[in-house]
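Source file: my_file06.txt; contents: compact mmCIF, C-alpha atoms.
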```txt
# COMPACT_ATOMS: atom_id res chain seq x y z
CA MET A 812 31.40 37.88 13.95
CA ARG A 813 34.21 35.74 12.58
CA GLU A 814 31.90 32.78 11.86
CA GLU A 815 29.58 35.00 9.84
CA MET A 816 32.45 36.45 7.81
CA ILE A 817 33.93 33.07 6.92
CA PHE A 818 30.52 31.59 6.22
CA GLN A 819 29.87 34.45 3.82
CA ILE A 820 33.13 33.66 2.00
CA LEU A 821 32.15 30.00 1.68
CA ARG A 822 28.63 30.83 0.57
CA ASP A 823 29.81 33.28 -2.08
CA SER A 824 32.56 30.99 -3.41
CA ARG A 825 31.91 29.55 -6.85
CA TYR A 826 34.14 26.54 -6.03
CA THR A 827 35.62 25.46 -2.70
CA VAL A 828 38.23 22.73 -2.24
CA VAL A 829 39.23 21.24 1.12
CA LEU A 830 42.70 19.91 1.91
CA SER A 831 42.05 17.46 4.75
CA GLY A 832 45.11 16.89 6.92
CA ALA A 833 46.22 14.80 9.87
CA GLY A 834 44.81 17.20 12.46
CA LEU A 835 41.20 16.46 11.57
CA MET A 836 41.98 12.76 11.66
CA ALA A 837 43.68 13.01 15.06
CA GLU A 838 40.60 14.75 16.46
CA SER A 839 38.67 11.56 15.67
CA GLY A 840 41.03 9.63 17.93
CA TYR A 841 42.91 8.13 14.99
CA PRO A 842 46.49 7.27 16.03
CA LEU A 843 49.26 9.16 14.23
CA LEU A 844 51.33 6.13 13.37
CA ARG A 845 54.17 8.03 11.75
CA ASP A 846 54.47 11.11 13.94
CA GLY A 847 52.74 10.41 17.25
CA ARG A 848 53.80 8.44 20.33
CA GLU A 849 52.65 5.32 18.49
CA SER A 850 55.74 5.58 16.28
CA TYR A 851 57.99 4.77 19.25
CA GLU A 852 55.82 1.80 20.23
CA ILE A 853 55.98 0.47 16.65
CA GLU A 854 59.77 0.59 16.54
CA GLU A 855 60.04 -1.06 19.95
CA LYS A 856 57.64 -3.91 19.04
CA TYR A 857 58.64 -4.59 15.43
CA GLY A 858 62.26 -3.47 15.36
CA TYR A 859 61.67 -1.06 12.49
CA SER A 860 60.24 2.43 12.11
CA PHE A 861 56.82 2.96 10.57
CA GLU A 862 58.43 4.31 7.38
CA GLU A 863 60.73 1.30 7.09
CA ILE A 864 58.11 -1.37 7.55
CA PHE A 865 55.33 0.39 5.61
CA SER A 866 57.42 0.55 2.45
CA SER A 867 57.40 -1.12 -0.95
CA ALA A 868 60.83 -2.62 -0.27
CA PHE A 869 59.64 -4.23 2.96
CA TYR A 870 56.45 -5.52 1.29
CA SER A 871 58.57 -7.15 -1.43
CA ALA A 872 61.24 -8.65 0.82
CA ARG A 873 59.50 -9.46 4.12
CA LYS A 874 55.83 -10.10 3.47
CA GLU A 875 55.23 -12.09 6.67
CA LEU A 876 56.30 -9.23 8.93
CA PHE A 877 54.75 -6.61 6.64
CA PHE A 878 51.31 -8.21 6.87
CA ARG A 879 51.63 -8.91 10.58
CA PHE A 880 52.25 -5.19 11.07
CA TYR A 881 49.59 -4.25 8.53
CA LYS A 882 46.93 -6.31 10.31
CA GLU A 883 47.94 -5.51 13.89
CA VAL A 884 48.57 -1.79 13.43
CA VAL A 885 47.31 -0.29 10.16
CA LEU A 886 44.00 -2.14 9.86
CA LYS A 887 43.43 -1.94 13.61
CA ALA A 888 43.83 1.85 13.46
CA ALA A 889 41.43 1.99 10.51
CA GLU A 890 38.67 0.62 12.73
CA THR A 891 38.50 4.10 14.28
CA PRO A 892 35.23 5.67 13.04
CA PRO A 893 35.02 9.17 11.58
CA GLY A 894 34.66 11.86 14.21
CA GLU A 895 32.12 14.68 14.28
CA GLY A 896 34.38 16.90 12.17
CA PHE A 897 33.98 14.61 9.18
CA TYR A 898 30.20 14.56 9.52
CA SER A 899 30.18 18.36 9.72
CA LEU A 900 32.29 18.40 6.57
CA LYS A 901 29.68 16.19 4.88
CA ALA A 902 26.93 18.56 6.04
CA LEU A 903 28.77 21.50 4.49
CA GLN A 904 29.17 19.57 1.26
CA ASP A 905 25.49 18.63 1.27
CA SER A 906 24.72 22.33 1.72
CA GLY A 907 26.75 23.21 -1.37
CA LEU A 908 29.55 24.95 0.53
CA VAL A 909 32.27 22.39 -0.29
CA ASP A 910 32.86 20.95 -3.75
CA SER A 911 35.75 18.51 -3.39
CA ILE A 912 38.14 17.13 -0.77
CA ILE A 913 41.78 16.12 -1.15
CA THR A 914 43.63 14.00 1.41
CA ARG A 915 46.77 11.88 1.78
CA ARG A 916 45.25 9.72 4.55
CA ILE A 917 44.41 6.07 3.87
CA ALA A 918 41.54 5.36 6.30
CA ASP A 919 38.70 6.64 4.09
CA LEU A 920 37.35 8.77 6.95
CA GLU A 921 35.83 11.34 4.59
CA LYS A 922 34.06 8.74 2.45
CA ARG A 923 32.95 6.74 5.48
CA ALA A 924 31.27 9.91 6.77
CA GLY A 925 29.44 10.20 3.45
CA CYS A 926 31.52 12.84 1.69
CA ARG A 927 31.68 12.79 -2.11
CA ASN A 928 34.23 13.84 -4.71
CA VAL A 929 37.11 12.80 -2.44
CA TYR A 930 40.62 12.44 -3.86
CA ASP A 931 42.44 9.82 -1.76
CA LEU A 932 45.95 10.49 -3.04
CA LYS A 933 47.56 7.59 -1.20
CA GLY A 934 44.74 5.09 -1.62
CA SER A 935 42.65 3.21 0.92
CA VAL A 936 43.23 0.28 3.27
CA PHE A 937 39.70 -0.85 2.44
CA GLU A 938 40.74 -1.79 -1.10
CA ASN A 939 43.07 -4.70 -1.86
CA SER A 940 43.63 -6.79 -4.94
CA CYS A 941 45.58 -9.64 -6.49
CA PRO A 942 48.55 -8.33 -8.54
CA SER A 943 48.08 -11.26 -10.93
CA CYS A 944 44.36 -11.48 -11.75
CA GLY A 945 43.12 -8.18 -10.33
CA ARG A 946 40.47 -9.78 -8.14
CA ARG A 947 39.51 -7.40 -5.31
CA TYR A 948 39.33 -8.21 -1.61
CA PRO A 949 37.94 -6.26 1.36
CA ALA A 950 40.00 -5.33 4.41
CA GLU A 951 38.18 -8.02 6.40
CA TYR A 952 39.70 -10.71 4.19
CA ILE A 953 43.19 -9.35 4.91
CA ALA A 954 42.54 -9.10 8.64
CA GLN A 955 41.22 -12.64 8.95
CA ALA A 956 43.92 -14.32 6.84
CA LYS A 957 46.52 -16.43 8.60
CA GLY A 958 49.96 -15.13 7.71
CA VAL A 959 50.27 -13.57 4.25
CA PRO A 960 46.82 -13.13 2.63
CA LEU A 961 46.68 -14.91 -0.73
CA CYS A 962 44.37 -14.64 -3.70
CA GLU A 963 41.88 -17.50 -3.59
CA HIS A 964 42.29 -17.99 -7.33
CA CYS A 965 46.02 -17.37 -7.98
CA LEU A 966 47.52 -18.03 -4.53
CA VAL A 967 49.52 -14.83 -5.00
CA ALA A 968 50.11 -12.42 -2.09
CA LEU A 969 47.55 -9.64 -2.15
CA ARG A 970 48.46 -5.99 -2.48
CA PRO A 971 46.84 -3.22 -0.42
CA HIS A 972 45.70 -0.31 -2.59
CA VAL A 973 47.83 2.21 -0.71
CA CYS A 974 50.88 4.17 -1.73
CA LEU A 975 53.71 2.73 0.35
CA PHE A 976 56.87 4.63 1.22
CA GLY A 977 59.22 4.47 -1.74
CA GLU A 978 56.36 4.68 -4.26
CA MET A 979 55.07 7.61 -6.27
CA ILE A 980 51.47 8.75 -6.05
CA ASP A 981 49.57 7.93 -9.21
CA ASN A 982 50.28 10.74 -11.68
CA ARG A 983 46.75 10.76 -13.10
CA LEU A 984 45.25 11.23 -9.64
CA MET A 985 47.75 13.98 -8.81
CA THR A 986 46.84 15.78 -12.03
CA GLU A 987 43.11 15.56 -11.27
CA ALA A 988 43.63 16.87 -7.74
CA ALA A 989 45.83 19.72 -9.01
CA GLN A 990 43.08 20.67 -11.47
CA GLU A 991 40.62 20.83 -8.58
CA VAL A 992 42.90 23.24 -6.69
CA GLU A 993 43.45 25.24 -9.86
CA LYS A 994 39.75 25.99 -10.27
CA ALA A 995 39.13 26.68 -6.58
CA GLU A 996 38.10 30.17 -5.54
CA VAL A 997 38.38 29.22 -1.88
CA LEU A 998 40.92 26.72 -0.54
CA LEU A 999 40.10 25.49 2.97
CA VAL A 1000 43.02 23.75 4.70
CA LEU A 1001 42.03 21.66 7.71
CA GLY A 1002 44.52 20.29 10.22
CA ALA A 1003 47.76 20.76 8.29
CA ASN A 1004 50.42 23.44 8.16
CA LEU A 1005 51.10 25.03 4.78
CA ASN A 1006 54.54 23.40 4.52
CA SER A 1007 53.15 19.88 4.94
CA PRO A 1008 53.37 17.48 1.97
CA LEU A 1009 49.62 17.80 1.42
CA CYS A 1010 49.81 21.58 1.02
CA SER A 1011 53.23 21.98 -0.59
CA GLN A 1012 52.16 19.75 -3.47
CA PHE A 1013 49.15 21.89 -4.36
CA LEU A 1014 49.57 25.52 -3.25
CA GLN A 1015 51.54 26.22 -6.42
CA TYR A 1016 48.34 25.61 -8.41
CA TYR A 1017 46.10 27.83 -6.31
CA THR A 1018 45.19 31.23 -7.74
CA GLY A 1019 41.91 31.84 -5.91
CA SER A 1020 40.87 34.66 -3.60
CA SER A 1021 40.76 33.14 -0.10
CA LEU A 1022 43.10 30.60 1.44
CA ILE A 1023 41.61 29.71 4.83
CA LEU A 1024 43.74 27.73 7.28
CA VAL A 1025 42.26 25.99 10.32
CA THR A 1026 44.72 24.33 12.70
CA ASP A 1027 45.14 24.13 16.45
CA ALA A 1028 48.91 24.74 16.31
CA GLU A 1029 50.74 27.86 15.17
CA HIS A 1030 53.38 27.47 12.43
CA TYR A 1031 55.66 29.95 10.70
CA SER A 1032 53.98 29.13 7.38
CA ASP A 1033 50.64 30.48 8.66
CA GLN A 1034 51.51 33.87 7.16
CA ARG A 1035 50.89 32.47 3.68
CA ALA A 1036 47.17 32.10 4.41
CA ASP A 1037 44.62 34.88 3.95
CA ILE A 1038 42.70 33.81 7.06
CA VAL A 1039 44.16 31.78 9.93
CA ILE A 1040 42.05 30.18 12.66
CA HIS A 1041 43.86 28.48 15.51
CA GLU A 1042 41.33 26.03 16.91
CA ARG A 1043 40.15 22.46 16.49
CA CYS A 1044 38.92 21.71 13.00
CA ASP A 1045 35.82 19.88 14.22
CA ARG A 1046 34.79 22.91 16.29
CA PHE A 1047 35.26 25.23 13.32
CA LEU A 1048 33.28 22.95 11.00
CA SER A 1049 30.49 22.62 13.56
CA ASP A 1050 30.34 26.43 13.80
CA MET A 1051 30.00 26.65 10.01
CA VAL A 1052 27.15 24.14 10.03
CA SER A 1053 25.44 26.08 12.83
CA GLU A 1054 25.87 29.32 10.89
CA TYR A 1055 24.36 27.70 7.79
CA ASN A 1056 21.37 26.47 9.79
CA LYS A 1057 20.90 29.86 11.45
CA GLN A 1058 20.99 31.76 8.16
CA ASN A 1059 18.56 29.37 6.53
CA GLN A 1060 16.09 29.78 9.36
CA ASN A 1061 15.89 33.53 8.76
```
Turn this file's structure into structure tokens for me.
Amino acid sequence: MREEMIFQILRDSRYTVVLSGAGLMAESGYPLLRDGRESYEIEEKYGYSFEEIFSSAFYSARKELFFRFYKEVVLKAAETPPGEGFYSLKALQDSGLVDSIITRRIADLEKRAGCRNVYDLKGSVFENSCPSCGRRYPAEYIAQAKGVPLCEHCLVALRPHVCLFGEMIDNRLMTEAAQEVEKAEVLLVLGANLNSPLCSQFLQYYTGSSLILVTDAEHYSDQRADIVIHERCDRFLSDMVSEYNKQNQN
């Protein structure tokens, strides 16, 4: 069976890295603010596209509107809890079948499900700080602030620890993530096509034996993978957990 074959690959792998894409997040009911129908609603309500308003230039020039949007849309979306796929991913990691996880998403869904060794390339909405003194603030402080959230000590506008449009991802973090991909024997791509920013940044470093792609939508780049599975990521991950449990009962 297919599940048995893929499970065998994961079990025999000396190091497995997961690239966690938007598909797995969408399966949790998380709104796709940039690419989904929500993007049209954002532009209609705020007068700017998601990319325009969620940018470093907008944060610098129009903080009032930036933080109104950030609280009403970005933090509201982040209230969505991790779906079953993320908990299955944690179970696979706990079983020793997954070593590290790389993502460009900012809602901490992997970590909130209990996953470890997660590389959040674009940061997290749950971390915020004062650009002046460095004091850290939780997302709840941002959400409850009236208008622009200020540092209690410096009275300076706080800065979400996310990579806004127009900014570069931290080079040190990119290097660490690339090193993870470099040492991977198996690369498991979940919910992203192989031409997506998440994959295109790292496939050049991959020299392992099995690139496994799980996505519910066909794409011309699928041919670059060694194994392609067109189904929901959460269903695939649940099957792998079931296969692990079955094999460990024998």
(message) If we count only C-alpha atoms and set the cut-off at 8 Å, which residues sit around stretch 991-999 of chain A, ignoring sequence neighbours fewer than 4 positions away in its own chain? Please answer as JSON, numbers by chain.
(response) {"A": [820, 821, 824, 825, 826, 827, 828, 829, 830, 911, 987, 1013, 1014, 1016, 1017, 1018, 1019, 1020, 1021, 1022, 1023, 1024, 1025]}
(request) Go through A:Ile917, A:Met836, A:Leu1001, A:Ile953 one by one, measure the shortest atom-to-atom distance of each to A:Phe1047 using all atoms listed in the file, and give the residue with the smallest value. (result) A:Leu1001
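Of the listed residues A:Val1000, A:Leu886, A:Leu1005, A:Val936, the one whose atoms come nearest to A:Gln1034 is A:Leu1005, with distances taken using all atoms listed in the file.
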(request) Choose the residue, out of A:Glu1054, A:Asp1045, A:Ser1011, A:Glu938, that has the smallest atom-to-atom separation from A:Ser899; count all atoms listed in the file. (result)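 Of A:Glu1054, A:Asp1045, A:Ser1011, A:Glu938, the one nearest A:Ser899 is A:Asp1045, counting all atoms listed in the file.
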(message) So that I can check the surroundings of A:Val884, please list as a ChimeraX atom specification every protein, DNA and RNA residue that reaches within 10 Å of it, counting only C-alpha atoms and ignoring chain neighbours fewer than 4 positions away.
(response) /A:842,844,849,853,861,878-880,888-889
(message) At a cut-off of 9 Å, using only C-alpha atoms, what residues contact A:Leu969? Leave out same-chain residues fewer than 3 positions from it and give the result as a PyMOL selection string.
(response) chain A and resi 939-943+947-948+953+959-962+966
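One distance worth recording is that between atom CA of A:Thr1026 and atom CA of A:Tyr898, which is 17.8 Å.
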(message) From the options A:Ala956, A:Arg1035, A:Ser1053, A:Lys933, which residue's atoms come nearest to A:Gln1015, counting only C-alpha atoms?
(response)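 Among A:Ala956, A:Arg1035, A:Ser1053, A:Lys933, it is A:Arg1035 that comes nearest to A:Gln1015.
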(message) Between A:Asp823, A:Asp981, A:Glu855, A:Asp1033, which residue has the minimum interatomic distance to A:Asn1006, considering all atoms listed in the file?
(response)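 For A:Asn1006, the nearest of the candidates is A:Asp1033.
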(request) Can you work out the spacing between atom CA of A:Phe865 and atom CA of A:Glu852 in Å, to one decimal? (result)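 Atom CA of A:Glu852 lies at a distance of 14.7 Å from atom CA of A:Phe865.
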(request) Compile the contact shell of A:Lys901 as a list in words: residues with an atom at most 7 Å away, counting all atoms listed in the file, same-chain residues fewer than 2 positions apart removed. (result)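 Within the cut-off, the hits are Phe897, Tyr898, Ser899, Leu903, Gln904, Asp905, Ala924, Gly925 and Cys926 of chain A.
The space between atom CA of A:Arg822 and atom CA of A:Arg923 spans 25.0 Å.
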(message) Given only C-alpha atoms as the basis, pick out the residue of A:Ala989, A:Cys1010, A:Cys974, A:Ala954 nearest to A:Tyr930.
(response) A:Ala989
(message) So that I can check the surroundings of A:Asn1056, please list as a list in words every protein, DNA and RNA residue that reaches within 12 Å of it, counting all atoms listed in the file and ignoring chain neighbours fewer than 2 positions away.
(response) Glu815, Phe818, Ser899, Ala902, Leu903, Ser906, Ser1049, Asp1050, Met1051, Val1052, Ser1053, Glu1054, Gln1058, Asn1059, Gln1060 and Asn1061 of chain A
